[in-house]
Each structure stands twice: as C-alpha cells, then as structure tokens.
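Trainee: So I've got this file, data_10.cif, and it contains mmCIF, C-alpha atoms and all ligand atoms:
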```cif
data_input
loop_
_atom_site.label_atom_id
_atom_site.label_comp_id
_atom_site.auth_asym_id
_atom_site.auth_seq_id
_atom_site.Cartn_x
_atom_site.Cartn_y
_atom_site.Cartn_z
CA MET A 240 -21.24 13.35 0.15
CA ARG A 241 -18.51 11.53 2.08
CA PRO A 242 -16.88 8.66 0.16
CA ARG A 243 -17.88 5.15 1.23
CA VAL A 244 -14.31 4.41 2.31
CA ILE A 245 -12.62 2.79 5.26
CA ALA A 246 -9.01 4.02 5.30
CA ILE A 247 -6.41 1.72 6.86
CA ASP A 248 -2.89 3.15 7.00
CA GLY A 249 0.30 2.09 8.71
CA PRO A 250 3.93 1.01 8.29
CA ALA A 251 5.20 -2.01 6.34
CA ALA A 252 3.95 -5.40 7.48
CA SER A 253 1.65 -3.96 10.15
CA GLY A 254 -1.21 -6.16 8.92
CA LYS A 255 -3.03 -3.50 6.89
CA SER A 256 -3.82 -5.64 3.88
CA SER A 257 -4.95 -8.75 5.78
CA THR A 258 -7.13 -6.59 8.03
CA ALA A 259 -8.53 -4.60 5.11
CA ALA A 260 -9.32 -7.76 3.14
CA LEU A 261 -11.25 -9.34 6.01
CA VAL A 262 -13.10 -6.15 6.93
CA ALA A 263 -14.14 -5.72 3.29
CA HIS A 264 -15.29 -9.32 3.09
CA ARG A 265 -17.41 -9.08 6.24
CA LEU A 266 -19.08 -5.87 5.07
CA GLY A 267 -19.57 -7.06 1.48
CA TRP A 268 -17.35 -4.19 0.31
CA ALA A 269 -14.37 -4.26 -2.06
CA HIS A 270 -10.69 -4.16 -1.02
CA LEU A 271 -8.11 -1.90 -2.63
CA ASP A 272 -4.44 -2.26 -1.64
CA SER A 273 -2.86 1.01 -2.79
CA GLY A 274 0.63 -0.38 -2.17
CA ALA A 275 -0.07 -2.94 -4.89
CA LEU A 276 -0.47 -0.13 -7.39
CA TYR A 277 2.83 1.50 -6.36
CA ARG A 278 4.41 -1.93 -6.63
CA ALA A 279 2.89 -2.53 -10.08
CA VAL A 280 4.25 0.81 -11.34
CA THR A 281 7.66 -0.13 -9.90
CA LEU A 282 7.56 -3.53 -11.63
CA ALA A 283 6.63 -1.86 -14.93
CA VAL A 284 9.50 0.61 -14.57
CA LEU A 285 12.08 -2.07 -13.75
CA ASP A 286 10.93 -4.27 -16.63
CA ASN A 287 10.68 -1.50 -19.21
CA LEU A 288 13.08 1.27 -18.19
CA GLY A 289 15.66 -0.67 -16.20
CA GLU A 290 17.51 0.39 -13.06
CA PRO A 291 17.90 4.13 -12.37
CA GLY A 292 20.95 5.68 -13.93
CA ALA A 293 20.74 3.38 -16.93
CA LEU A 294 19.06 6.21 -18.82
CA LYS A 295 20.45 9.68 -19.42
CA GLU A 296 17.90 12.53 -19.44
CA SER A 297 16.61 11.53 -16.00
CA LEU A 298 15.63 13.65 -13.03
CA ALA A 299 16.82 13.17 -9.49
CA VAL A 300 14.33 11.90 -6.92
CA PRO A 301 14.66 14.09 -3.82
CA GLY A 302 16.27 12.34 -0.92
CA SER A 303 16.96 9.06 -2.66
CA GLY A 304 20.22 9.74 -4.45
CA ALA A 305 18.88 7.58 -7.28
CA THR A 306 17.63 8.83 -10.60
CA TRP A 307 14.54 7.87 -12.54
CA PRO A 308 13.08 9.24 -15.75
CA VAL A 309 10.17 10.86 -13.94
CA GLN A 310 8.15 11.98 -16.96
CA GLN A 311 8.46 8.58 -18.57
CA ILE A 312 7.11 6.72 -15.56
CA VAL A 313 3.56 8.08 -15.71
CA ALA A 314 3.54 7.83 -19.52
CA LEU A 315 4.56 4.18 -19.23
CA ALA A 316 1.87 3.46 -16.62
CA GLU A 317 -0.72 5.01 -18.95
CA GLU A 318 0.48 3.22 -22.07
CA LEU A 319 1.02 -0.33 -20.85
CA PRO A 320 -1.36 0.21 -18.97
CA VAL A 321 -0.84 -0.34 -15.25
CA ARG A 322 -4.30 -0.61 -13.74
CA LEU A 323 -6.55 -2.06 -11.09
CA VAL A 324 -9.13 -4.63 -12.12
CA LEU A 325 -12.04 -5.57 -9.88
CA VAL A 326 -12.21 -9.36 -9.54
CA ARG A 327 -14.77 -10.70 -7.03
CA ASP A 328 -14.57 -7.57 -4.87
CA VAL A 329 -10.78 -7.34 -4.87
CA PHE A 330 -8.97 -4.71 -6.93
CA ARG A 331 -6.10 -6.65 -8.52
CA PRO A 332 -3.04 -5.01 -10.12
CA GLU A 333 -2.46 -5.62 -13.82
CA VAL A 334 0.37 -4.63 -16.15
CA ALA A 335 -0.37 -4.81 -19.88
CA GLY A 336 -3.38 -7.04 -19.25
CA VAL A 337 -1.46 -9.52 -17.05
CA ASP A 338 -2.24 -10.03 -13.34
CA VAL A 339 0.92 -9.13 -11.38
CA GLU A 340 -0.17 -9.84 -7.79
CA GLU A 341 2.72 -12.30 -7.41
CA PRO A 342 5.72 -10.59 -9.10
CA ILE A 343 5.02 -7.27 -7.33
CA ARG A 344 5.93 -8.95 -4.01
CA SER A 345 9.47 -9.83 -5.17
CA ASP A 346 12.53 -8.36 -3.38
CA ARG A 347 13.50 -6.61 -6.61
CA VAL A 348 10.29 -4.55 -6.47
CA THR A 349 10.26 -4.13 -2.67
CA ARG A 350 13.78 -2.63 -2.80
CA ARG A 351 12.76 0.15 -5.20
CA VAL A 352 9.10 0.84 -4.49
CA SER A 353 9.65 3.64 -1.95
CA GLU A 354 11.72 5.59 -4.50
CA ILE A 355 8.96 5.38 -7.07
CA ALA A 356 6.34 6.22 -4.43
CA ALA A 357 8.25 9.38 -3.46
CA ILE A 358 7.63 10.93 -6.88
CA ARG A 359 4.87 13.54 -6.84
CA GLU A 360 3.63 12.78 -10.37
CA VAL A 361 3.44 9.06 -9.65
CA ARG A 362 1.43 9.70 -6.48
CA HIS A 363 -0.94 11.94 -8.36
CA TRP A 364 -1.50 9.25 -11.00
CA VAL A 365 -2.02 6.51 -8.39
CA ASN A 366 -4.47 8.71 -6.47
CA VAL A 367 -6.57 9.29 -9.59
CA GLN A 368 -6.80 5.50 -10.11
CA GLN A 369 -7.87 4.99 -6.51
CA ARG A 370 -10.54 7.69 -6.56
CA GLU A 371 -11.97 6.37 -9.84
CA ALA A 372 -12.09 2.84 -8.42
CA VAL A 373 -13.98 4.02 -5.34
CA LEU A 374 -16.39 6.21 -7.32
CA GLY A 375 -17.24 3.30 -9.62
CA HIS A 376 -18.04 0.89 -6.78
CA PRO A 377 -21.68 0.55 -5.76
CA ARG A 378 -21.21 -0.31 -2.07
CA GLY A 379 -17.93 0.80 -0.53
CA VAL A 380 -14.19 0.14 -0.53
CA VAL A 381 -11.69 -0.61 2.21
CA VAL A 382 -8.46 1.05 1.06
CA ASP A 383 -5.11 0.40 2.71
CA GLY A 384 -1.83 2.29 2.36
CA ARG A 385 0.21 5.09 3.88
CA ASP A 386 -1.69 8.28 3.02
CA ILE A 387 -5.27 7.12 2.54
CA GLY A 388 -6.73 8.91 5.58
CA THR A 389 -4.51 11.99 5.22
CA VAL A 390 -4.34 12.68 1.46
CA VAL A 391 -6.30 10.33 -0.79
CA PHE A 392 -9.59 10.22 1.14
CA PRO A 393 -9.34 12.86 3.88
CA ASP A 394 -13.16 12.73 4.22
CA ALA A 395 -13.29 8.97 4.81
CA PRO A 396 -15.76 8.36 7.66
CA VAL A 397 -13.62 5.56 9.17
CA LYS A 398 -9.85 5.84 9.56
CA VAL A 399 -7.47 3.47 11.29
CA PHE A 400 -3.68 3.61 11.68
CA LEU A 401 -2.22 0.19 12.46
CA THR A 402 1.14 -0.24 14.13
CA ALA A 403 3.10 -3.10 15.69
CA SER A 404 6.60 -3.38 17.13
CA PRO A 405 9.40 -3.68 14.53
CA ALA A 406 10.29 -7.18 15.74
CA GLU A 407 6.70 -8.39 15.48
CA ARG A 408 6.31 -6.91 12.01
CA ALA A 409 9.52 -8.58 10.83
CA ARG A 410 8.31 -11.88 12.28
CA ARG A 411 4.97 -11.58 10.50
CA ARG A 412 6.57 -10.72 7.14
CA LEU A 413 8.89 -13.74 7.35
CA ALA A 414 6.05 -16.00 8.49
CA GLN A 415 4.05 -14.85 5.46
CA ARG A 416 6.85 -16.13 3.23
CA GLY A 417 6.94 -19.49 5.04
CA GLY A 418 9.90 -21.56 6.20
CA ARG A 419 12.00 -21.47 9.35
CA ILE A 420 12.83 -18.11 10.94
CA ASP A 421 16.28 -17.62 12.49
CA PRO A 422 17.41 -14.60 14.55
CA ASP A 423 19.74 -13.34 11.82
CA GLN A 424 16.98 -13.32 9.24
CA LEU A 425 14.70 -11.58 11.71
CA ARG A 426 17.25 -8.83 12.32
CA ARG A 427 17.84 -8.31 8.59
CA GLU A 428 14.11 -8.17 7.84
CA ALA A 429 13.55 -5.66 10.68
CA GLU A 430 16.31 -3.47 9.19
CA THR A 431 14.79 -3.65 5.71
CA LEU A 432 11.34 -2.72 7.02
CA ALA A 433 12.79 0.13 9.10
CA ALA A 434 14.59 1.58 6.07
CA ARG A 435 11.37 1.55 4.02
CA ASP A 436 9.34 3.06 6.90
CA HIS A 437 11.93 5.80 7.27
CA ALA A 438 11.78 6.61 3.55
CA ASP A 439 7.96 6.59 3.59
CA ALA A 440 7.66 8.73 6.73
CA THR A 441 10.23 11.38 5.79
CA ARG A 442 9.48 11.99 2.09
CA PRO A 443 8.27 15.51 1.28
CA VAL A 444 5.13 14.37 -0.57
CA ALA A 445 2.34 12.65 1.40
CA PRO A 446 4.56 11.21 4.14
CA MET A 447 3.18 8.27 6.10
CA LYS A 448 1.53 9.53 9.29
CA PRO A 449 -1.71 8.93 11.16
CA ALA A 450 -4.59 11.26 10.27
CA ALA A 451 -5.61 13.45 13.22
CA ASP A 452 -8.98 11.64 13.36
CA ALA A 453 -7.63 8.08 12.92
CA LEU A 454 -8.01 5.34 15.50
CA LEU A 455 -4.49 4.22 16.47
CA LEU A 456 -4.37 0.48 16.85
CA ASP A 457 -1.21 -1.21 18.13
CA THR A 458 -1.51 -4.83 17.04
CA THR A 459 1.69 -6.18 18.65
CA GLN A 460 -0.32 -8.09 21.25
CA ILE A 461 -3.53 -8.79 19.39
CA ASP A 462 -4.37 -11.23 16.62
CA LEU A 463 -5.89 -10.61 13.22
CA GLU A 464 -9.42 -11.56 14.32
CA GLU A 465 -9.31 -8.98 17.13
CA GLN A 466 -7.97 -6.28 14.77
CA VAL A 467 -10.82 -6.97 12.38
CA ARG A 468 -13.35 -6.91 15.24
CA GLN A 469 -12.13 -3.47 16.38
CA VAL A 470 -12.22 -1.97 12.88
CA LEU A 471 -15.71 -3.36 12.28
CA ALA A 472 -16.91 -1.95 15.62
CA LEU A 473 -15.63 1.49 14.60
CA ALA A 474 -17.23 1.14 11.16
CA ARG A 475 -20.62 0.30 12.68
CA GLU A 476 -20.37 3.36 14.91
CA LYS A 477 -19.27 5.77 12.14
CA LEU A 478 -20.97 4.61 8.97
CA PRO A 479 -24.43 5.94 8.25
CA GLY A 480 -27.18 3.31 7.96
O1 LIG B 501 2.75 -4.58 2.23
P1 LIG B 501 3.84 -3.67 2.67
O2 LIG B 501 3.51 -3.14 3.99
O3 LIG B 501 5.18 -4.23 2.50
O4 LIG B 501 3.87 -2.39 1.71
P2 LIG B 501 2.83 -1.99 0.61
O5 LIG B 501 1.54 -1.57 1.25
O6 LIG B 501 2.79 -3.05 -0.42
O7 LIG B 501 3.49 -0.66 0.01
C1 LIG B 501 4.68 -0.69 -0.71
C2 LIG B 501 5.26 0.71 -0.76
O8 LIG B 501 4.39 1.55 -1.53
C3 LIG B 501 5.42 1.43 0.57
O9 LIG B 501 6.66 1.13 1.19
C4 LIG B 501 5.36 2.90 0.15
O10 LIG B 501 6.60 3.36 -0.33
C5 LIG B 501 4.40 2.86 -1.02
N1 LIG B 501 3.02 3.27 -0.65
C6 LIG B 501 2.77 4.63 -0.53
O11 LIG B 501 3.67 5.43 -0.63
N2 LIG B 501 1.51 5.06 -0.29
C7 LIG B 501 0.51 4.19 -0.17
N3 LIG B 501 -0.73 4.66 0.03
C8 LIG B 501 0.75 2.82 -0.26
C9 LIG B 501 2.04 2.37 -0.49
#
```
Just dump the structure as structure tokens.
Ligand code: CDP

Mentor:
Amino acid sequence: MRPRVIAIDGPAASGKSSTAALVAHRLGWAHLDSGALYRAVTLAVLDNLGEPGALKESLAVPGSGATWPVQQIVALAEELPVRLVLVRDVFRPEVAGVDVEEPIRSDRVTRRVSEIAAIREVRHWVNVQQREAVLGHPRGVVVDGRDIGTVVFPDAPVKVFLTASPAERARRRLAQRGGRIDPDQLRREAETLAARDHADATRPVAPMKPAADALLLDTTQIDLEEQVRQVLALAREKLPG
C-alpha cells in the first residue's frame, strides 16, 4: 500500500514548512518537518561532542573539510535520545526529553546542519524515525524536507517541489525573524542560503532534487494561501477517497 504521505521538498526558506503545516491542518493530517530532526541531531552534537576537530578519532565528512565523530553521532542520538514527539498533530523535536523547536533555529545550528545531514549513517537514522512516525499515524502525514519524494517516501502519492528566487527566499527568512531589513543583510542572508543549498544539492548521499513525478511550484510571485490551495488541489486529485 502507498504511504499516506504528502512530500514537500525544496531549498532553504522556500516556504516548505509553512505550506506543509497549513496543508496538514486543512486535511486533518499531521506535519513532520524532517529538517527539524537534522537540526535536533546537530544541536545534540554541538552540545555534547563540541565543534568538529575537538575530538581525535574522528572521520572526515566528504566534501566538507570538517571532521565529526561519525559513529558517535548516531549513538548519541539513540542514547539521549533525539526524537520526534507528536503534539496536537505536529511532530516536535526533542532532545533528552526537552522540546528543542526554538534552539534548533539558532545560527550556531544552521551553520553546521548541512555537514551533519551529509553523513550517510545520520540520514539512515533520520529516515527510520520518519518512516516509523508515518506508520504510527492513523490518518496521514505531510512531510517536508529535501529528499522526501526521492528517497524517504518515493511512493508518496503527492509530491511537490517548492522553489522561489534567492532574493525572495532571503527576504522571507529575514521577515520570519522580524525587524527591519536592509540591503546588506539581505545580501548576506542570500549568500548563506545559497551556500547551504549548494551543500545540500551536491552531496553524494540523497542530494536535494525534485522527484521526477513532483509538481514544481515556483512561489516567488504567489502567496502562502495560493501555495496551499495548489497543493490541496493536487492532493484531492491524487489521494484515494
Ligand atoms: O527551514 P530551512 O529551509 O532553513 O531548512 P530545514 O528544512 O530546517 O533543513 C535544515 C537542513 O537539514 C538542510 O539545509 C539540509 O542540510 C538538512 N535536511 C536534509 O538534508 N534533508 C531533509 N529531508 C531535510 C533537511
């Protein structure tokens, strides 16, 4: 049987999570932000193992130049544990029993998350958590990320790949944080997003790319409500019953 999953992939700050949350809410489904799990693992690593290079006995992460104790990362995630907890139809990230939705959005985590997410063993562990979460849900789950339609749920009946221009994505990310936006900040944020997109799209394991059967949705000129409307229209067409 095909999983009851709507897969929403796309680059950083393309509106995946906001779209996924609203689509899930309208359908009465749950929302799972897979990036939150990669971020929670990254937070756990930074808090417990420190910056890469601080430990000897570590393995190089291909393409990053940095080093992380690869075997220890999954063991740490298991032990603490890092996990997803379903709270009112939203899968929230927890580390050692504490909700970490806020600290995982810090710059400290954002700077390192793509390195952690490039590690094959970490991806395998995260994928197991996602599949268990979906299997255990009685209705269906809207999952957003980078490889949901290609690797994690290749049989998902509904797949969307969201994009938006780099400038618009930078503007949205800064607006999310609040405060005034000046051109310098905008340029710096666009550069940061571009670096992360490049790392995510060029890594050897599960690189970010649209699934062959995904609807490509450029949201540069459309608002959140319209994005949600288009995803729901596709879902009504593709989902059985
Ligand atoms: O919200 P934002 O677009 O900034 O990113 P996110 O969805 O929170 O994801 C953070 C990072 O996790 C990404 O830059 C990827 O490196 C990684 N990620 C991934 O590799 N695969 C996923 N399915 C989701 C996130």

Trainee: Hey, which of A:Ser353, A:Gln311, A:Thr389, A:Ser253 ends up closest to ligand LIG 501 (chain B)? Count all atoms listed in the file.

Mentor: A:Ser353

Trainee: Go through A:Thr281, A:Gln369, A:Ser404, A:Gln469 and flag the residue nearest A:Val339, using only C-alpha atoms for the distances.

Mentor: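 Ranked by minimum distance to A:Val339, first place goes to A:Thr281.
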
Trainee: Just checking: using only C-alpha atoms and all ligand atoms, which residue out of A:Glu340, A:Asp439, A:Asp452, A:Asp346 ends up closest to ligand LIG 501 (chain B)?

Mentor: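 Residue with the minimum atom-to-atom distance to ligand LIG 501 (chain B): A:Asp439.
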
Trainee: I'd like the neighbourhood of stretch 426-437 of chain A as an MDAnalysis selection string, where a residue qualifies if any of its atoms comes within 9 Å (using all atoms listed in the file), though same-chain residues fewer than 6 positions away should be ignored.

Mentor: chainID A and resid 250:252 349:350 352:353 405:410 412:413 447

Trainee: Mind dumping the selected residues with C-alpha atoms as an mmCIF file, in the frame of the given file?

Mentor:
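Writing done, so here's out_17.cif:
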```
data_model
loop_
_atom_site.group_PDB
_atom_site.id
_atom_site.type_symbol
_atom_site.label_atom_id
_atom_site.label_comp_id
_atom_site.auth_asym_id
_atom_site.auth_seq_id
_atom_site.Cartn_x
_atom_site.Cartn_y
_atom_site.Cartn_z
ATOM 1 C CA PRO A 250 3.930 1.010 8.290
ATOM 2 C CA ALA A 251 5.200 -2.010 6.340
ATOM 3 C CA ALA A 252 3.950 -5.400 7.480
ATOM 4 C CA THR A 349 10.260 -4.130 -2.670
ATOM 5 C CA ARG A 350 13.780 -2.630 -2.800
ATOM 6 C CA VAL A 352 9.100 0.840 -4.490
ATOM 7 C CA SER A 353 9.650 3.640 -1.950
ATOM 8 C CA PRO A 405 9.400 -3.680 14.530
ATOM 9 C CA ALA A 406 10.290 -7.180 15.740
ATOM 10 C CA GLU A 407 6.700 -8.390 15.480
ATOM 11 C CA ARG A 408 6.310 -6.910 12.010
ATOM 12 C CA ALA A 409 9.520 -8.580 10.830
ATOM 13 C CA ARG A 410 8.310 -11.880 12.280
ATOM 14 C CA ARG A 412 6.570 -10.720 7.140
ATOM 15 C CA LEU A 413 8.890 -13.740 7.350
ATOM 16 C CA MET A 447 3.180 8.270 6.100
#
```

Trainee: Give, as JSON, the centre coordinates and the x, y and z edge lengths in Å to one decimal for an axis-aligned box around all listed atoms of ligand LIG 501 (chain B), padded by 8 Å on each side.

Mentor:
```
{"center_x": 3.0, "center_y": 0.4, "center_z": 1.2, "size_x": 23.4, "size_y": 26.0, "size_z": 21.5}
```

Trainee: Can you pull out the residues contacting A:Ser256? Cut-off 9 Å, using all atoms listed in the file, and skip same-chain residues under 6 positions away; I want them as a list in words.

Mentor: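 Skipping anything fewer than 6 positions along the chain leaves Ile247, His270, Leu271, Asp272, Val382, Asp383 and Gly384 of chain A.
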